[in-house]
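Asker: One structure, pasted below without further comment.
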Amino acid sequence: MRVPLSWLAEYVDLEPGTTPEDVHAALVSVGLEEEDIHRFELSGPIVVGEVLSAEPEAQTNGKTINWCQVRVAPGDQTAADGGPAIHGVVCGAHNFVVGDKVVVTLPGSVLPGPFPIAARKTYGHVSDGMIASAKELGLGDDHEGILVLGTLGLDPEVGTDAISLLGLDDAAVEINVTPDRGYAFSIRGVAREYSHATGATFRDPALAVAPVVTASEFPVTIDDRAPIRGRVGASVFVTRAVRGVDPSKPSPAWLIARLKLAGIRSISLIVDVTNYVMLELGQPIHGYDLDKLNGGITVRRALEEEKLVTLDDATRELHPEDLLITDESGPIGLAGVMGGQTTEIGASTRNVLIEAANFDPVSIARTARRHKLPSEASRRFERGVDPAVAVVAAARVVQLLVELAGGVADDLGSLHDATPDAVPIELPTGFISGLIGLEYTRDEVRTSLAEIGATMTETPTGLAVTAPSWRPDLTDKWTLAEEVARIVGYDRIPSVLPVAPPGRGLTLPQVLKRQIAQTLAATGHTEVLAYPFVSEKANDLFGNPVSGPVPQLRLANPMDGEAPFMRTSILPGLLQIAHRNRSRGLTDLAVFELGLVFRPEPGIRYGADVVPPGAVRPSANLEAELNAGIPPQPLMLGVVLIGNAARHQPGHPAVAAGWQDALAAVQQVALASGVRIQVRQGSHQAMHPGRTAELFVTTAGDADEVVGYAGELLPAVAREGDLPSVVAVAEVNLSDVIAHAGAGIVATPIRTMPAATQDLSLVVDADVPAADVLAAVSEGGGALLESAHLVDDYRGAGVPVGRKSLTFALRFRALDRTLTAPEASEAKLAGVAVAAARFGATIRE
């Protein structure tokens with residue numbers, strides 16, 4: 001909401017010298033967020049001039065210009081720029097005549113752009129300034145001709161400062177209006193808030209307008225036969241008529257300037273007046289050409305296959321939930337959103353019917369989103385409009401049309417008011433102090449509530465508070481407490497850090513999840529967040545490779561028709577992120593995501609059949625029913641690497657990312673969680689055969705539980721995703737991994753005794769996994785074996801066909817003594833014995 005300061009000052013006292021920054025600071029203190037400050041970015045001297053002569057001169061380029069003599073100061077006085085009273089100006093427009101008063105920008109002035117004005121030679125003359133158009137002044141979009149002040153109904157003295165004359169010295173503050181504070185979508189509401197913040201006197205504009213008396217009834221029918229969830233579409237509907245308006249009359253300069261600062265362009269006087277009143281009082285207004293109406297007005301829901309051509313010249317297919325304004329010819333407007341073309345106000349309009357209504361916020365919000373048609377009116381209705389202001393707003397429009405457009409107030413009109421009576425809110429004594437944690441006196445509570453317009457009566461337990469009509473957000477004692485805290489001042493509330501009760505820190509799963517994310521980030525991976533919505537093909541491709549594609553959960557209202565399913569794997573979203581980054585030149589990527597996937601059980605219908613009430617905690621049975629309607633959602637980790645894992649440097653070639661890097665990421669997960677994740681050859685329908693590792697953990701019962709896969713994507717899958725031929729990926733079920741974690745990671749004591757290192761080369765069959773041989777050697781090495789890892793896999797001369805030589809680096813260490821070479825050799829041979837028994841391994845000669 002943009003609030004011009006001159007407009008704000010009409011309804012609340014602003015101290016002399018108050019700046020937009022001061023107004024922002026005051027509004028922030030009562031909870032309104034500041035956004036921006038808007039000004040007409042121009043500076044003088046810009047004055048009123050009178051055209052003394054205009055000589056047309058044809059140019060060689062086919063254009064005709066006017067060489068004008070313009071008086072910019074009365075008599076022989078010096079002009080505002082210190083120059084002569086008469087200036088010669090070249091002007092390319094032709095919409096003026098001698099004697100017209102225009103806006104002259106003298107040398108030294110600056111127009112929006114910025115566009116500095118100086119005397120310059122053009123078309124054979126020295127143009128000593130410029131005659132400005134409305135667009136050049138920032139008043140509107142009209143650039144077809146210059147701004148002739150007579151068309152605005154102005155006849156000022158020559159030399160008058162045009163900036164103040166046209167209201168171009170004003171400024172506007174912009175604030176963010178949250179959905180619960182729709183009353184601040186008006187000058188009236190912001191002025192009231194400024195009064196709360198500063199104590200300045202507030203003058204309610206709604207009290208300054210006398211209601212229009214109607215003697216004859218305009219027929220209006222509210223026929224809302226299909227209310228949404230019991231909410232009536234229109235609770236208030238007011239009409240008033242004005243006859244004999246002159247549509248050719250211009251909007252006053254002050255009105256155009258205020259609308260411009262408020263972010264609304266000037267269209268025509270009648271439309272500008274309705275927009276002005278909407279901004280002033282917060283009540284959207286719609287005007288109909290009374291002569292184009294066919295009979296009375298009916299407010300109803302749309303019929304099947306009904307259509308409407310709206311003011312933006314779009315033909316709209318209507319939905320049965322759409323609330324319509326209709327006459328006997330059919331729909332003439334989308335209620336609260338946009339009017340129709342058939343009753344549009346135009347250049348021939350002489351008689352106007354004014355509509356001021358109060359529509360259901362939910363209905364208006366759905367219609368605006370359904371038709372992708374947000375409007376200033378719908379934004380206000382969605383947040384809630386004061387139902388009591390409709391009559392006043394209609395009267396205000398009548399007043400301005402009579403005053404500015406020469407109309408005559410007619411006694412034709414109507415009033416439908418089905419606003420329910422306000423229900424008092426019980427506010428127990430001491431409740432606010434107990435909730436906020438600050439002692440508020442009885443007078444502070446009563447004064448604060450009275451300031452916001454609430455009425456109160458005493459009760460045995462406290463107060464019965466009736467919220468004002470413009471505050472539909474005040475629904476219970478908690479919202480009343482918030483208002484008291486806000487009005488008294490947030491600065492009164494002390495900043496005290498809460499003390500967490502003992503034993504209520506992070507749970508072990510939360511700790512492990514954080515450790516895993518931090519470890520991956522510390523090792524060069526970047527955490528990302530992907531959309532959980534994917535296509536059916538993506539889910540099938542990355543589903544469970546053991547049991548085949550998993551059942552999928554389809555959304556009832558997908559955001560994207562091509563991705564209507566909830567993901568069963570993290571990888572599809574990560575691959576899309578990799579593709580997007582690669583298309584923008586980021587070719588070396590290592591990204592990961594921790595997130596939930598959705599794994600429905602076969603044959604189970606998910607989704608609750610009941611909608612819980614919004615303001616009441618659900619019962620245990622209802623909570624159980626709601627939980628039963630949610631499919632299993634395990635926590636998964638996905639990793640994707642493309643490009644180079646190590647970049648090219650002097651003396652070191654680039655190292656491409658591959659399956660080894662995916663396994664390295666998995667090992668970081670194992671280290672961070674304290675769970676031993678083992679690796680063996682595996683297969684996955686989306687991954688490269690021979691370059692796929694199955695990840696598993698050994699349970700307490702010595703069974704192997706698969707927790708994920710790592711390796712490289714199939715090249716065909718990578719090409720389909722427009723990715724490099726080598727894409728390293730890993731996916732780990734963290735819910736399962738964390739379930740196997742102990743009470744935490746136990747630190748290994750630092751061993752101070754010297755280590756004994758030995759190498760071991762074993763020959764085994766080529767199809768025996770190296771990891772299995774390493775496990776056998778480690779098992780046989782016993783407690784003295786500190787570490788063992790594979791350093792070479794050789795197949796060639798000296799090794800029989802069908803066999804391979806695996807070389808391991810072994811490190812032995814004792815806690816209490818220095819090992820001897822025979823002790824280390826004995827431990828090594830014990831490992832060889834286990835490998836020989838299991839796989840027929842022999843020591844390579």
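Just so we're on the same page: first chain in the structure tokens is A, next is B, and so on; residues restart at 1 for each chain, and ligands are numbered from 1 in the order they show up.
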Produce a table with one row for each residue of range 141-198 of chain A that has an atom at most 12 Å from any atom of range 391-409 of chain A, each row naming the nearest atom pair and its distance in Å at one decimal; use only C-alpha atoms; arrange rows by chain and rising residue number; format as a Markdown table.
Answerer:
```
| residue | atom | partner | partner_atom | distance |
| --- | --- | --- | --- | --- |
| A:Leu152 | CA | A:Leu404 | CA | 11.0 |
| A:Gly153 | CA | A:Leu404 | CA | 10.1 |
| A:Arg188 | CA | A:Ala393 | CA | 11.7 |
```
Asker: Any idea what's packed within 7 Å of range 337-341 of chain A, counting only C-alpha atoms, ignoring anything in its chain fewer than 5 positions away? Could you give it as a tab-separated table (two decimals) with N, CA and C atoms, in the first residue's frame?
Answerer:
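File written: around_14.tsv
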```
chain	number	residue	atom	x	y	z
A	308	LEU	N	-18.07	-14.70	-19.79
A	308	LEU	CA	-18.10	-13.27	-19.53
A	308	LEU	C	-16.90	-12.62	-20.19
A	309	VAL	N	-17.14	-11.50	-20.89
A	309	VAL	CA	-16.05	-10.70	-21.45
A	309	VAL	C	-15.76	-9.58	-20.44
A	310	THR	N	-14.59	-9.65	-19.82
A	310	THR	CA	-14.23	-8.67	-18.78
A	310	THR	C	-13.62	-7.42	-19.40
A	311	LEU	N	-13.36	-6.43	-18.54
A	311	LEU	CA	-12.89	-5.14	-19.02
A	311	LEU	C	-11.54	-5.21	-19.73
A	332	ILE	N	-22.52	-9.50	-15.96
A	332	ILE	CA	-21.95	-8.19	-16.29
A	332	ILE	C	-20.71	-7.90	-15.45
A	364	ILE	N	-13.81	-14.58	-3.33
A	364	ILE	CA	-13.10	-13.64	-4.19
A	364	ILE	C	-11.68	-14.14	-4.45
A	368	ALA	N	-10.22	-14.90	-8.20
A	368	ALA	CA	-9.06	-14.17	-8.72
A	368	ALA	C	-7.94	-15.11	-9.13
A	375	SER	N	-6.54	-8.03	-8.80
A	375	SER	CA	-6.89	-6.62	-8.99
A	375	SER	C	-6.80	-5.92	-7.66
A	377	ALA	N	-9.16	-4.37	-6.26
A	377	ALA	CA	-10.37	-4.72	-5.52
A	377	ALA	C	-10.25	-6.09	-4.86
A	378	SER	N	-9.80	-7.09	-5.62
A	378	SER	CA	-9.72	-8.44	-5.06
A	378	SER	C	-8.71	-8.51	-3.92
```
Asker: I want to know what sits within 9 Å of Thr105 in chain A, based on only C-alpha atoms, with residues of the same chain fewer than 6 positions away left out; could you give that as number ranges by chain?
Answerer: A: 44-48, 111, 117, 129-132
Asker: Would you please work out which residue, of A:Phe812, A:Glu304, A:Leu279, A:Asp765, is nearest to Ser787 in chain A when using only C-alpha atoms?
Answerer: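 Of A:Phe812, A:Glu304, A:Leu279, A:Asp765, the one nearest Ser787 in chain A, counting only C-alpha atoms, is A:Phe812.
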Asker: Kindly indicate which residue among A:Gly721, A:Gly742, A:Gly543, A:Gly413 lies nearest to Leu508 in chain A, using only C-alpha atoms for the distances.
Answerer: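 Closest to Leu508 in chain A, using only C-alpha atoms: A:Gly742.
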